[in-house]
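Novice: Compact mmCIF, C-alpha atoms (C1' of nucleotides), saved as work.txt, coming up:
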# COMPACT_ATOMS: atom_id res chain seq x y z
CA MET A 1 -3.08 50.71 -7.20
CA ALA A 2 -4.92 54.02 -7.07
CA ASP A 3 -8.25 52.45 -6.39
CA GLY A 4 -9.87 51.77 -3.07
CA THR A 5 -8.28 48.37 -2.42
CA VAL A 6 -5.23 48.18 -0.25
CA SER A 7 -2.27 46.46 -1.89
CA LYS A 8 0.06 45.03 0.73
CA VAL A 9 3.56 45.02 -0.67
CA LYS A 10 5.39 43.95 2.46
CA ASP A 11 4.58 40.65 4.13
CA ALA A 12 3.54 39.45 0.72
CA PRO A 13 4.36 35.74 1.25
CA ARG A 14 2.17 35.65 4.36
CA ASN A 15 -1.23 35.15 2.74
CA PRO A 16 -3.54 32.63 4.38
CA VAL A 17 -3.18 29.04 3.36
CA GLY A 18 -6.79 28.07 3.74
CA ARG A 19 -8.55 24.76 3.36
CA GLU A 20 -7.44 24.31 -0.25
CA GLY A 21 -3.82 24.95 0.57
CA VAL A 22 -3.84 22.39 3.35
CA LEU A 23 -5.44 19.81 1.06
CA ASP A 24 -2.93 20.43 -1.75
CA VAL A 25 0.03 20.07 0.58
CA ALA A 26 -1.43 17.02 2.31
CA ALA A 27 -2.18 15.28 -0.99
CA ARG A 28 1.41 15.78 -2.12
CA LEU A 29 2.81 14.44 1.15
CA PHE A 30 0.50 11.41 1.18
CA ARG A 31 1.48 10.60 -2.38
CA GLU A 32 5.18 10.88 -1.58
CA GLN A 33 5.34 9.27 1.86
CA GLY A 34 2.21 7.20 2.42
CA TYR A 35 -0.42 7.52 5.11
CA GLY A 36 1.43 6.41 8.22
CA SER A 37 4.44 8.67 7.76
CA VAL A 38 2.47 11.88 7.34
CA SER A 39 1.40 13.53 10.60
CA LEU A 40 -0.64 16.68 11.03
CA ARG A 41 2.56 18.35 12.22
CA LYS A 42 4.26 17.50 8.93
CA ILE A 43 1.33 18.79 6.91
CA ALA A 44 1.26 22.01 8.92
CA ASP A 45 5.02 22.45 8.51
CA ALA A 46 4.86 22.01 4.76
CA ALA A 47 1.92 24.42 4.56
CA GLY A 48 3.72 27.02 6.66
CA ILE A 49 1.26 27.01 9.56
CA LYS A 50 1.04 25.37 12.98
CA ALA A 51 -0.56 22.00 13.62
CA GLY A 52 -3.40 23.32 15.77
CA SER A 53 -4.48 25.70 13.03
CA ILE A 54 -5.54 22.79 10.84
CA TYR A 55 -8.53 22.22 13.10
CA TYR A 56 -10.02 25.51 11.96
CA HIS A 57 -10.56 23.91 8.54
CA PHE A 58 -11.07 20.24 9.43
CA GLY A 59 -12.57 18.36 12.33
CA SER A 60 -10.07 15.54 12.26
CA LYS A 61 -7.22 14.00 10.30
CA ASP A 62 -9.65 11.50 8.83
CA GLU A 63 -11.72 14.33 7.41
CA ILE A 64 -8.68 15.56 5.46
CA VAL A 65 -7.94 12.11 4.16
CA VAL A 66 -11.52 11.46 3.05
CA ALA A 67 -11.59 14.77 1.16
CA ILE A 68 -8.36 13.89 -0.65
CA LEU A 69 -9.51 10.38 -1.52
CA ASP A 70 -12.79 11.66 -2.97
CA VAL A 71 -11.19 14.37 -5.07
CA GLY A 72 -8.62 11.86 -6.33
CA ILE A 73 -11.31 9.65 -7.83
CA GLN A 74 -13.45 12.53 -9.08
CA VAL A 75 -10.53 13.97 -11.03
CA VAL A 76 -9.71 10.79 -12.91
CA HIS A 77 -13.38 9.90 -13.37
CA GLU A 78 -14.17 13.26 -14.95
CA LYS A 79 -11.15 13.17 -17.24
CA MET A 80 -11.83 9.63 -18.36
CA ARG A 81 -15.48 10.35 -19.13
CA GLN A 82 -14.57 13.46 -21.11
CA ALA A 83 -11.84 11.72 -23.08
CA VAL A 84 -14.15 8.90 -24.13
CA SER A 85 -17.19 11.04 -24.90
CA ALA A 86 -15.04 13.39 -26.98
CA LEU A 87 -14.48 10.61 -29.50
CA PRO A 88 -16.72 10.63 -32.59
CA GLU A 89 -19.57 8.15 -32.65
CA GLY A 90 -18.59 4.89 -34.27
CA THR A 91 -14.97 5.02 -33.06
CA ASP A 92 -13.47 1.55 -33.01
CA ALA A 93 -13.04 -0.34 -29.74
CA GLU A 94 -9.25 -0.22 -29.79
CA THR A 95 -9.15 3.57 -30.01
CA ILE A 96 -11.71 3.93 -27.21
CA LEU A 97 -9.80 1.62 -24.90
CA ARG A 98 -6.51 3.34 -25.64
CA ALA A 99 -8.08 6.68 -24.74
CA ALA A 100 -9.47 5.39 -21.45
CA ILE A 101 -6.24 3.66 -20.46
CA GLY A 102 -4.16 6.68 -21.40
CA THR A 103 -6.33 9.07 -19.44
CA HIS A 104 -6.29 6.95 -16.29
CA LEU A 105 -2.54 6.52 -16.43
CA ARG A 106 -1.80 10.19 -17.07
CA ALA A 107 -4.09 11.28 -14.22
CA LEU A 108 -2.21 8.88 -11.96
CA LEU A 109 1.36 9.59 -13.05
CA ASP A 110 1.35 13.10 -14.49
CA VAL A 111 -1.62 15.18 -13.49
CA SER A 112 -3.00 14.76 -10.00
CA ASP A 113 -1.45 14.43 -6.55
CA TYR A 114 -4.96 13.61 -5.35
CA THR A 115 -5.39 10.63 -7.66
CA SER A 116 -1.94 9.25 -6.93
CA ALA A 117 -2.44 9.82 -3.20
CA ASN A 118 -5.70 7.88 -3.40
CA VAL A 119 -4.05 4.89 -5.06
CA ARG A 120 -1.09 5.00 -2.73
CA ILE A 121 -2.85 5.28 0.64
CA PHE A 122 -6.29 3.70 0.17
CA GLY A 123 -5.01 0.39 1.47
CA GLN A 124 -3.41 2.04 4.51
CA VAL A 125 -6.20 4.17 5.94
CA PRO A 126 -8.69 3.17 8.67
CA GLN A 127 -11.74 1.19 7.59
CA SER A 128 -14.08 4.10 8.28
CA VAL A 129 -12.15 6.29 5.84
CA ARG A 130 -12.23 3.59 3.17
CA ASP A 131 -15.97 3.24 3.63
CA ALA A 132 -16.48 6.97 3.21
CA ASN A 133 -14.65 6.86 -0.11
CA LEU A 134 -16.55 3.84 -1.42
CA PRO A 135 -19.52 5.56 -3.12
CA THR A 136 -17.16 7.74 -5.18
CA ARG A 137 -15.11 4.72 -6.17
CA ARG A 138 -18.20 2.72 -7.11
CA ALA A 139 -19.25 5.46 -9.51
CA TYR A 140 -15.90 5.38 -11.30
CA GLU A 141 -15.93 1.59 -11.41
CA ALA A 142 -19.44 1.69 -12.89
CA GLU A 143 -18.19 4.02 -15.63
CA TRP A 144 -15.53 1.47 -16.59
CA ASP A 145 -17.93 -1.45 -16.40
CA ALA A 146 -20.38 0.37 -18.66
CA LEU A 147 -17.63 1.12 -21.17
CA LEU A 148 -16.32 -2.44 -21.22
CA SER A 149 -19.82 -3.92 -21.42
CA ARG A 150 -20.66 -1.76 -24.40
CA LEU A 151 -17.56 -2.93 -26.23
CA GLN A 152 -18.20 -6.56 -25.35
CA GLU A 153 -21.82 -6.36 -26.54
CA ARG A 154 -20.81 -5.01 -29.89
CA GLY A 155 -18.49 -7.99 -30.25
CA ALA A 156 -15.20 -6.15 -29.91
CA LEU A 157 -14.07 -7.97 -26.75
CA LYS A 158 -13.77 -11.69 -26.21
CA PRO A 159 -17.21 -12.83 -25.02
CA ASP A 160 -16.08 -15.13 -22.21
CA VAL A 161 -14.33 -12.56 -20.01
CA ASP A 162 -16.20 -11.39 -16.91
CA ILE A 163 -16.47 -7.59 -17.05
CA ARG A 164 -15.99 -6.99 -13.35
CA ARG A 165 -12.88 -9.15 -13.29
CA LEU A 166 -11.53 -7.51 -16.41
CA ARG A 167 -11.98 -4.07 -14.89
CA LEU A 168 -10.24 -5.13 -11.67
CA MET A 169 -7.34 -6.55 -13.63
CA LEU A 170 -7.01 -3.49 -15.83
CA ILE A 171 -7.26 -0.81 -13.14
CA GLY A 172 -5.11 -2.87 -10.78
CA ALA A 173 -2.38 -3.22 -13.39
CA LEU A 174 -2.45 0.50 -14.21
CA ASN A 175 -2.43 1.56 -10.57
CA ALA A 176 0.53 -0.70 -9.83
CA THR A 177 2.71 1.49 -12.05
CA LEU A 178 2.75 4.06 -9.27
CA ASP A 179 5.21 1.86 -7.37
CA TRP A 180 7.89 1.91 -10.05
CA PHE A 181 7.14 4.53 -12.69
CA ASP A 182 10.14 6.73 -13.36
CA PRO A 183 9.69 9.63 -15.81
CA ASP A 184 13.40 9.43 -16.62
CA ARG A 185 12.85 6.02 -18.18
CA GLY A 186 9.96 7.05 -20.42
CA SER A 187 6.81 9.14 -20.37
CA ALA A 188 3.45 8.14 -18.95
CA GLU A 189 2.20 8.56 -22.49
CA ALA A 190 4.61 5.95 -23.85
CA LEU A 191 3.86 3.63 -20.94
CA SER A 192 0.14 3.80 -21.61
CA ARG A 193 0.79 2.72 -25.18
CA THR A 194 2.65 -0.36 -23.97
CA TYR A 195 -0.16 -1.24 -21.57
CA ALA A 196 -2.74 -0.91 -24.31
CA ASP A 197 -0.63 -3.07 -26.64
CA VAL A 198 -0.31 -5.84 -24.08
CA PHE A 199 -3.91 -5.82 -22.88
CA LEU A 200 -5.38 -5.59 -26.34
CA ASN A 201 -3.21 -8.13 -28.16
CA GLY A 202 -1.16 -10.02 -25.57
CA ILE A 203 2.55 -10.72 -25.49
CA LEU A 204 2.75 -13.96 -27.45
CA GLU A 205 4.25 -13.80 -30.93
CA ARG A 206 1.63 -15.23 -33.27
CA GLN A 207 2.81 -17.83 -35.70
CA ASP A 208 -0.08 -17.43 -38.16
CA SER A 209 0.41 -15.38 -41.34
CA MET B 210 6.00 -42.30 28.47
CA ALA B 211 8.03 -44.87 30.31
CA ASP B 212 11.33 -43.50 29.07
CA GLY B 213 13.54 -40.94 30.74
CA THR B 214 11.87 -37.83 29.36
CA VAL B 215 9.36 -36.06 31.52
CA SER B 216 5.99 -35.63 29.89
CA LYS B 217 4.15 -32.63 31.30
CA VAL B 218 0.47 -33.30 31.07
CA LYS B 219 -0.73 -30.23 32.95
CA ASP B 220 0.04 -26.74 31.68
CA ALA B 221 0.09 -28.24 28.20
CA PRO B 222 -1.02 -25.08 26.25
CA ARG B 223 1.82 -23.09 27.82
CA ASN B 224 4.61 -24.09 25.46
CA PRO B 225 7.00 -21.32 24.42
CA VAL B 226 6.10 -19.35 21.34
CA GLY B 227 9.63 -18.72 20.18
CA ARG B 228 11.03 -16.72 17.30
CA GLU B 229 9.09 -18.68 14.68
CA GLY B 230 5.80 -18.27 16.46
CA VAL B 231 6.25 -14.51 16.70
CA LEU B 232 7.11 -14.30 13.00
CA ASP B 233 4.12 -16.39 11.95
CA VAL B 234 1.72 -14.29 13.99
CA ALA B 235 3.28 -11.01 12.85
CA ALA B 236 3.17 -12.01 9.18
CA ARG B 237 -0.53 -12.81 9.47
CA LEU B 238 -1.29 -9.49 11.19
CA PHE B 239 0.75 -7.48 8.67
CA ARG B 240 -1.04 -9.19 5.81
CA GLU B 241 -4.44 -8.49 7.34
CA GLN B 242 -3.97 -4.98 8.73
CA GLY B 243 -0.97 -3.37 7.07
CA TYR B 244 2.21 -2.06 8.66
CA GLY B 245 1.01 1.03 10.48
CA SER B 246 -1.84 -0.66 12.33
CA VAL B 247 0.23 -3.48 13.79
CA SER B 248 2.08 -2.60 17.00
CA LEU B 249 4.41 -4.84 18.98
CA ARG B 250 1.71 -5.00 21.62
CA LYS B 251 -0.76 -6.39 19.07
CA ILE B 252 1.74 -8.97 17.88
CA ALA B 253 2.50 -9.99 21.45
CA ASP B 254 -1.21 -10.23 22.28
CA ALA B 255 -1.92 -12.44 19.28
CA ALA B 256 1.07 -14.62 20.12
CA GLY B 257 -0.02 -14.97 23.74
CA ILE B 258 3.00 -13.24 25.28
CA LYS B 259 3.85 -9.74 26.56
CA ALA B 260 5.31 -7.00 24.39
CA GLY B 261 8.63 -6.81 26.21
CA SER B 262 9.25 -10.51 25.63
CA ILE B 263 9.58 -9.96 21.91
CA TYR B 264 12.94 -8.30 22.51
CA TYR B 265 14.38 -11.62 23.60
CA HIS B 266 14.03 -12.79 19.99
CA PHE B 267 14.46 -9.56 18.03
CA GLY B 268 16.43 -6.36 18.50
CA SER B 269 13.77 -4.09 17.06
CA LYS B 270 10.45 -3.98 15.26
CA ASP B 271 12.30 -3.37 12.00
CA GLU B 272 14.21 -6.60 12.48
CA ILE B 273 10.90 -8.52 12.56
CA VAL B 274 9.65 -6.78 9.46
CA VAL B 275 12.84 -7.39 7.48
CA ALA B 276 12.74 -11.08 8.37
CA ILE B 277 9.13 -11.35 7.17
CA LEU B 278 9.80 -9.46 3.95
CA ASP B 279 12.78 -11.66 3.09
CA VAL B 280 10.97 -14.93 3.76
CA GLY B 281 8.02 -13.70 1.73
CA ILE B 282 10.15 -13.32 -1.40
CA GLN B 283 12.18 -16.46 -0.80
CA VAL B 284 9.02 -18.58 -0.60
CA VAL B 285 7.57 -17.41 -3.91
CA HIS B 286 10.99 -17.40 -5.60
CA GLU B 287 11.69 -20.99 -4.62
CA LYS B 288 8.25 -22.21 -5.67
CA MET B 289 8.40 -20.43 -9.00
CA ARG B 290 11.86 -21.79 -9.81
CA GLN B 291 10.78 -25.32 -8.94
CA ALA B 292 7.57 -25.14 -10.93
CA VAL B 293 9.38 -23.98 -14.06
CA SER B 294 12.34 -26.35 -13.80
CA ALA B 295 9.98 -29.28 -13.24
CA LEU B 296 8.68 -28.88 -16.78
CA PRO B 297 10.21 -31.17 -19.42
CA GLU B 298 12.79 -29.67 -21.74
CA GLY B 299 11.21 -28.23 -24.86
CA THR B 300 7.98 -27.23 -23.17
CA ASP B 301 6.23 -24.49 -25.15
CA ALA B 302 6.37 -20.88 -24.01
CA GLU B 303 2.69 -20.67 -23.19
CA THR B 304 2.84 -23.58 -20.75
CA ILE B 305 5.95 -22.19 -19.07
CA LEU B 306 4.40 -18.78 -18.58
CA ARG B 307 1.18 -20.26 -17.26
CA ALA B 308 3.17 -22.23 -14.70
CA ALA B 309 5.12 -19.18 -13.54
CA ILE B 310 2.04 -16.96 -13.32
CA GLY B 311 0.04 -19.62 -11.50
CA THR B 312 2.77 -20.25 -8.97
CA HIS B 313 3.23 -16.58 -8.16
CA LEU B 314 -0.50 -16.03 -7.74
CA ARG B 315 -1.04 -19.10 -5.58
CA ALA B 316 1.87 -18.15 -3.31
CA LEU B 317 0.34 -14.71 -2.92
CA LEU B 318 -3.31 -15.66 -2.47
CA ASP B 319 -3.32 -19.21 -1.11
CA VAL B 320 -0.05 -20.31 0.36
CA SER B 321 1.98 -17.78 2.26
CA ASP B 322 1.17 -15.07 4.80
CA TYR B 323 4.79 -13.98 4.36
CA THR B 324 4.49 -13.39 0.63
CA SER B 325 1.18 -11.56 0.94
CA ALA B 326 2.51 -9.52 3.87
CA ASN B 327 5.48 -8.53 1.72
CA VAL B 328 3.30 -7.29 -1.12
CA ARG B 329 0.93 -5.55 1.24
CA ILE B 330 3.40 -3.65 3.44
CA PHE B 331 6.52 -3.11 1.32
CA GLY B 332 5.32 0.34 0.29
CA GLN B 333 4.55 1.30 3.89
CA VAL B 334 7.75 0.41 5.75
CA PRO B 335 10.68 2.75 6.49
CA GLN B 336 13.25 3.21 3.73
CA SER B 337 15.91 1.31 5.70
CA VAL B 338 13.66 -1.74 5.83
CA ARG B 339 12.94 -1.56 2.12
CA ASP B 340 16.66 -1.34 1.42
CA ALA B 341 17.34 -4.41 3.52
CA ASN B 342 14.84 -6.40 1.48
CA LEU B 343 16.15 -5.21 -1.89
CA PRO B 344 18.80 -7.88 -2.56
CA THR B 345 16.26 -10.65 -2.06
CA ARG B 346 13.79 -8.91 -4.34
CA ARG B 347 16.44 -8.35 -7.00
CA ALA B 348 17.16 -12.05 -7.09
CA TYR B 349 13.52 -12.91 -7.72
CA GLU B 350 13.22 -10.21 -10.35
CA ALA B 351 16.33 -11.56 -12.07
CA GLU B 352 14.72 -15.00 -12.18
CA TRP B 353 11.71 -13.57 -14.01
CA ASP B 354 13.86 -11.50 -16.36
CA ALA B 355 15.91 -14.56 -17.25
CA LEU B 356 12.76 -16.57 -17.94
CA LEU B 357 11.19 -13.88 -20.10
CA SER B 358 14.43 -13.22 -21.98
CA ARG B 359 14.80 -16.91 -22.80
CA LEU B 360 11.29 -17.00 -24.24
CA GLN B 361 11.80 -13.82 -26.20
CA GLU B 362 15.10 -15.07 -27.65
CA ARG B 363 13.51 -18.23 -28.90
CA GLY B 364 10.94 -16.08 -30.69
CA ALA B 365 7.95 -16.93 -28.53
CA LEU B 366 7.37 -13.36 -27.28
CA LYS B 367 6.91 -10.23 -29.34
CA PRO B 368 10.40 -8.90 -30.01
CA ASP B 369 9.71 -5.23 -29.30
CA VAL B 370 8.68 -5.48 -25.64
CA ASP B 371 11.24 -4.40 -23.06
CA ILE B 372 11.78 -7.28 -20.65
CA ARG B 373 12.16 -5.18 -17.52
CA ARG B 374 8.97 -3.29 -18.28
CA LEU B 375 7.12 -6.50 -19.10
CA ARG B 376 8.18 -8.02 -15.79
CA LEU B 377 7.08 -4.92 -13.87
CA MET B 378 3.71 -4.97 -15.62
CA LEU B 379 3.20 -8.67 -15.04
CA ILE B 380 4.21 -8.85 -11.37
CA GLY B 381 2.46 -5.56 -10.64
CA ALA B 382 -0.78 -6.83 -12.13
CA LEU B 383 -0.58 -10.11 -10.23
CA ASN B 384 0.26 -8.44 -6.92
CA ALA B 385 -2.65 -6.02 -7.31
CA THR B 386 -5.07 -8.96 -6.94
CA LEU B 387 -4.29 -8.96 -3.23
CA ASP B 388 -6.46 -5.84 -2.87
CA TRP B 389 -9.64 -7.46 -4.15
CA PHE B 390 -9.25 -11.23 -4.41
CA ASP B 391 -12.15 -13.04 -2.74
CA PRO B 392 -11.98 -16.84 -2.62
CA ASP B 393 -15.78 -16.95 -2.53
CA ARG B 394 -15.86 -15.54 -6.06
CA GLY B 395 -13.44 -18.03 -7.58
CA SER B 396 -10.20 -19.83 -6.79
CA ALA B 397 -6.71 -18.41 -7.18
CA GLU B 398 -6.21 -21.21 -9.67
CA ALA B 399 -9.05 -20.00 -11.89
CA LEU B 400 -7.91 -16.41 -11.54
CA SER B 401 -4.42 -17.31 -12.69
CA ARG B 402 -5.89 -18.88 -15.83
CA THR B 403 -7.70 -15.64 -16.65
CA TYR B 404 -4.52 -13.62 -16.13
CA ALA B 405 -2.57 -15.92 -18.39
CA ASP B 406 -5.29 -15.74 -21.05
CA VAL B 407 -5.28 -11.94 -21.04
CA PHE B 408 -1.53 -11.47 -20.96
CA LEU B 409 -0.79 -14.09 -23.55
CA ASN B 410 -3.51 -13.27 -26.08
CA GLY B 411 -5.11 -9.97 -25.11
CA ILE B 412 -8.76 -9.09 -24.73
CA LEU B 413 -9.67 -8.05 -28.27
CA GLU B 414 -11.85 -10.38 -30.30
CA ARG B 415 -9.89 -11.11 -33.48
CA GLN B 416 -11.79 -10.73 -36.70
CA ASP B 417 -9.44 -12.92 -38.80
CA SER B 418 -10.27 -16.57 -39.47
C1' DG C 419 -7.44 32.34 10.23
C1' DT C 420 -3.61 31.43 12.87
C1' DC C 421 -1.02 31.21 17.27
C1' DT C 422 0.54 29.10 21.93
C1' DA C 423 0.09 25.76 25.27
C1' DT C 424 -1.24 21.56 26.76
C1' DA C 425 -3.91 17.13 27.67
C1' DC C 426 -3.81 12.38 26.82
C1' DA C 427 -3.08 8.01 24.46
C1' DG C 428 -0.16 4.75 22.27
C1' DC C 429 4.20 3.67 20.43
C1' DG C 430 9.06 1.32 20.54
C1' DA C 431 12.34 0.21 23.64
C1' DT C 432 15.01 -1.00 28.15
C1' DA C 433 16.01 -3.01 32.90
C1' DG C 434 15.72 -6.35 36.13
C1' DA C 435 12.94 -10.19 38.52
C1' DC C 436 11.73 -14.92 37.96
C1' DG D 437 11.93 -17.42 27.61
C1' DT D 438 8.71 -14.62 29.63
C1' DC D 439 7.04 -11.15 33.04
C1' DT D 440 6.40 -6.42 35.20
C1' DA D 441 7.30 -1.76 35.21
C1' DT D 442 8.59 2.24 33.22
C1' DC D 443 10.91 5.83 30.21
C1' DG D 444 10.84 9.12 26.37
C1' DC D 445 8.82 10.34 22.27
C1' DT D 446 5.31 11.46 18.92
C1' DG D 447 0.69 11.43 17.56
C1' DT D 448 -4.19 13.59 17.48
C1' DA D 449 -6.95 16.75 19.44
C1' DT D 450 -8.65 20.82 22.43
C1' DA D 451 -8.89 25.59 24.67
C1' DG D 452 -8.32 30.20 24.59
C1' DA D 453 -5.50 34.43 23.10
C1' DC D 454 -4.86 37.43 19.25
Go ahead and express the file in the form of structure tokens.
Specialist:
Amino acid sequence: MADGTVSKVKDAPRNPVGREGVLDVAARLFREQGYGSVSLRKIADAAGIKAGSIYYHFGSKDEIVVAILDVGIQVVHEKMRQAVSALPEGTDAETILRAAIGTHLRALLDVSDYTSANVRIFGQVPQSVRDANLPTRRAYEAEWDALLSRLQERGALKPDVDIRRLRLMLIGALNATLDWFDPDRGSAEALSRTYADVFLNGILERQDS
Amino acid sequence: MADGTVSKVKDAPRNPVGREGVLDVAARLFREQGYGSVSLRKIADAAGIKAGSIYYHFGSKDEIVVAILDVGIQVVHEKMRQAVSALPEGTDAETILRAAIGTHLRALLDVSDYTSANVRIFGQVPQSVRDANLPTRRAYEAEWDALLSRLQERGALKPDVDIRRLRLMLIGALNATLDWFDPDRGSAEALSRTYADVFLNGILERQDS
DNA sequence: GTCTATACAGCGATAGAC
DNA sequence: GTCTATCGCTGTATAGAC
């Protein structure tokens, strides 16, 4: 207080929103309402600025959307990689898969508006925006394919399942939870356990033993 | 030709499109492009009429969408019920589930623009439209819940899985195929077999035996 | 970095002729 | 049953002041 910097006490809530602030607000709105229902005016309103001001930070609406889509994948990719590589060498396949599934599902349902916005609106945005997000997606998909291939090669997964198809089924099933997940009915953590149970062992009661 | 009816030979391709024709065209466009990208002008163009003419058949755009959503569920519901009830009494649980899964997936990927449009755009339409479609959806969901409960009661399914959650997981996973299914990489029929394999028995290689 | 003001396109919807 | 013409609204985007 007694140093050289000026501490503004009044007008405190009027600090600049900035590029980050716009992105955070936009990601939340896209997650909640989808692509078509969220206009630049709505984003500006929620951020506490005027619509025209957005163009100081971004060249177009598409530029905002691409940024959000990329961050959404990067967040879940990074968390998934860390969760798996944090496991001790020689960890069994079941534990590895449960970690990967749990991390993806928590990023989607608990952690990141960017990841959930990506899953929610990817199918709604213009083709050019989807194309811009593709390299980032491919990298995350490759991470999953590498993980699943490793497990299949060491004999932990059934040998006849195509890895690409398995990854599409798994990620697709997890992402679909966004449409109906309700934290009041159970945590993302508990849900991820159920998904792992079903994918790993199936739903049929086995009559052997 | 020699009877009392007049057979117009000229102007043959100019027959009226009608309510059905508009719905068919709209369902195809919604399936292909999503809700936000399909305007009444696009629908009219594809149907070979002018935008204003649509209002002779429908009171609003929402009315078109609700009609398509309802038909989409009714088609897959009816086919699923028929496929299951066509099986002889005493059919084993695995066969029943494979029939239900296969029917749902074929309706979605092969048979009906209405069903695929429903899955594609349901999350994009206004709340009022979603609400209008809810009763129809509930009926289909109840059909699945009844089927799964029957199988669980007769001891064919693991006893600890919540039926509602299992249905959400199953239908969600199947519907997600719409985002990536490519007939050039394999038929819907083959895909449904893989889904049944995974859901029934899981992906882990079993070390017993 | 944000504001005001505005241009311009496309949307759903309506009215009346044929 | 379809056409033409048009209205009002909302969207993205731009220009220039502060």
Novice: Might you pull out every residue within 12 Å of A:Arg130, with all atoms listed in the file counted and same-chain residues fewer than 2 positions away left off, and present them as a ChimeraX atom specification?
Specialist: /A:62-63,65-70,118-119,121-128,132-138
Novice: I'd like the contact shell of C:DT432 - 9 Å cut-off, all atoms listed in the file, skipping same-chain residues fewer than 4 positions apart - returned as a ChimeraX atom specification.
Specialist: /B:261 /D:442-443
Novice: Compute the set of chain A residues within 12 Å of chain C, using all atoms listed in the file, and express it as a PyMOL selection string.
Specialist: chain A and resi 14-19+44+48-57
Novice: Go ahead and save the residues from that selection, with C-alpha atoms, as a PDB file, in the frame of the given file.
Specialist:
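Saved to again-v7.pdb:
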ATOM      1  CA  ARG A  14       2.170  35.650   4.360  1.00  0.00           C
ATOM      2  CA  ASN A  15      -1.230  35.150   2.740  1.00  0.00           C
ATOM      3  CA  PRO A  16      -3.540  32.630   4.380  1.00  0.00           C
ATOM      4  CA  VAL A  17      -3.180  29.040   3.360  1.00  0.00           C
ATOM      5  CA  GLY A  18      -6.790  28.070   3.740  1.00  0.00           C
ATOM      6  CA  ARG A  19      -8.550  24.760   3.360  1.00  0.00           C
ATOM      7  CA  ALA A  44       1.260  22.010   8.920  1.00  0.00           C
ATOM      8  CA  GLY A  48       3.720  27.020   6.660  1.00  0.00           C
ATOM      9  CA  ILE A  49       1.260  27.010   9.560  1.00  0.00           C
ATOM     10  CA  LYS A  50       1.040  25.370  12.980  1.00  0.00           C
ATOM     11  CA  ALA A  51      -0.560  22.000  13.620  1.00  0.00           C
ATOM     12  CA  GLY A  52      -3.400  23.320  15.770  1.00  0.00           C
ATOM     13  CA  SER A  53      -4.480  25.700  13.030  1.00  0.00           C
ATOM     14  CA  ILE A  54      -5.540  22.790  10.840  1.00  0.00           C
ATOM     15  CA  TYR A  55      -8.530  22.220  13.100  1.00  0.00           C
ATOM     16  CA  TYR A  56     -10.020  25.510  11.960  1.00  0.00           C
ATOM     17  CA  HIS A  57     -10.560  23.910   8.540  1.00  0.00           C
TER      18      HIS A  57
END
Novice: Calculate how many Å separate atom CA of B:Val285 from atom CA of A:Pro183, rounding to one decimal.
Specialist: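 Calculated distance between atom CA of B:Val285 and atom CA of A:Pro183 is 29.6 Å.
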Novice: For the point (8.1, -14.5, -25.7) in the file's frame, write as a ChimeraX atom specification all residues with an atom no more than 9 Å away, counting only C-alpha atoms (C1' of nucleotides).
Specialist: /A:203-205 /B:302-303,357-368
Novice: Could you give me the axis-aligned bounding box of stretch 74-80 of chain A, with 6 Å of padding per side, as centre plus edge lengths in Å to one decimal, as AutoDock Vina command-line options?
Specialist:
--center_x -11.9 --center_y 11.8 --center_z -13.7 --size_x 16.5 --size_y 16.3 --size_z 21.3
Novice: With a cut-off of 9 Å and counting only C-alpha atoms (C1' of nucleotides), select all residues of chain A in contact with chain D and give the selection as a PyMOL selection string.
Specialist: chain A and resi 39-41+52+55+60-61
Novice: Would you mind telling me which residue in B:Asp301, B:Asp340, B:Asp233, B:Asp319 lies nearest to chain A when using all atoms listed in the file?
Specialist: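 Closest residue, counting all atoms listed in the file: B:Asp301.
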Novice: Quick check, in Å to one decimal: how far apart do atom CA of A:Ala26 and atom CA of A:Val38 lie?
Specialist: 8.2 Å
Novice: Taking all atoms listed in the file into account, name the residue in A:Gly59, A:Gly186, A:Gly21, A:Gly34 that is nearest to chain B.
Specialist: A:Gly34
Novice: Would you compute the distance between atom CA of B:Leu379 and atom CA of A:Ala142? Give it in Å to one decimal.
Specialist: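 Answer for the atom CA of B:Leu379 to atom CA of A:Ala142 separation: 25.0 Å.
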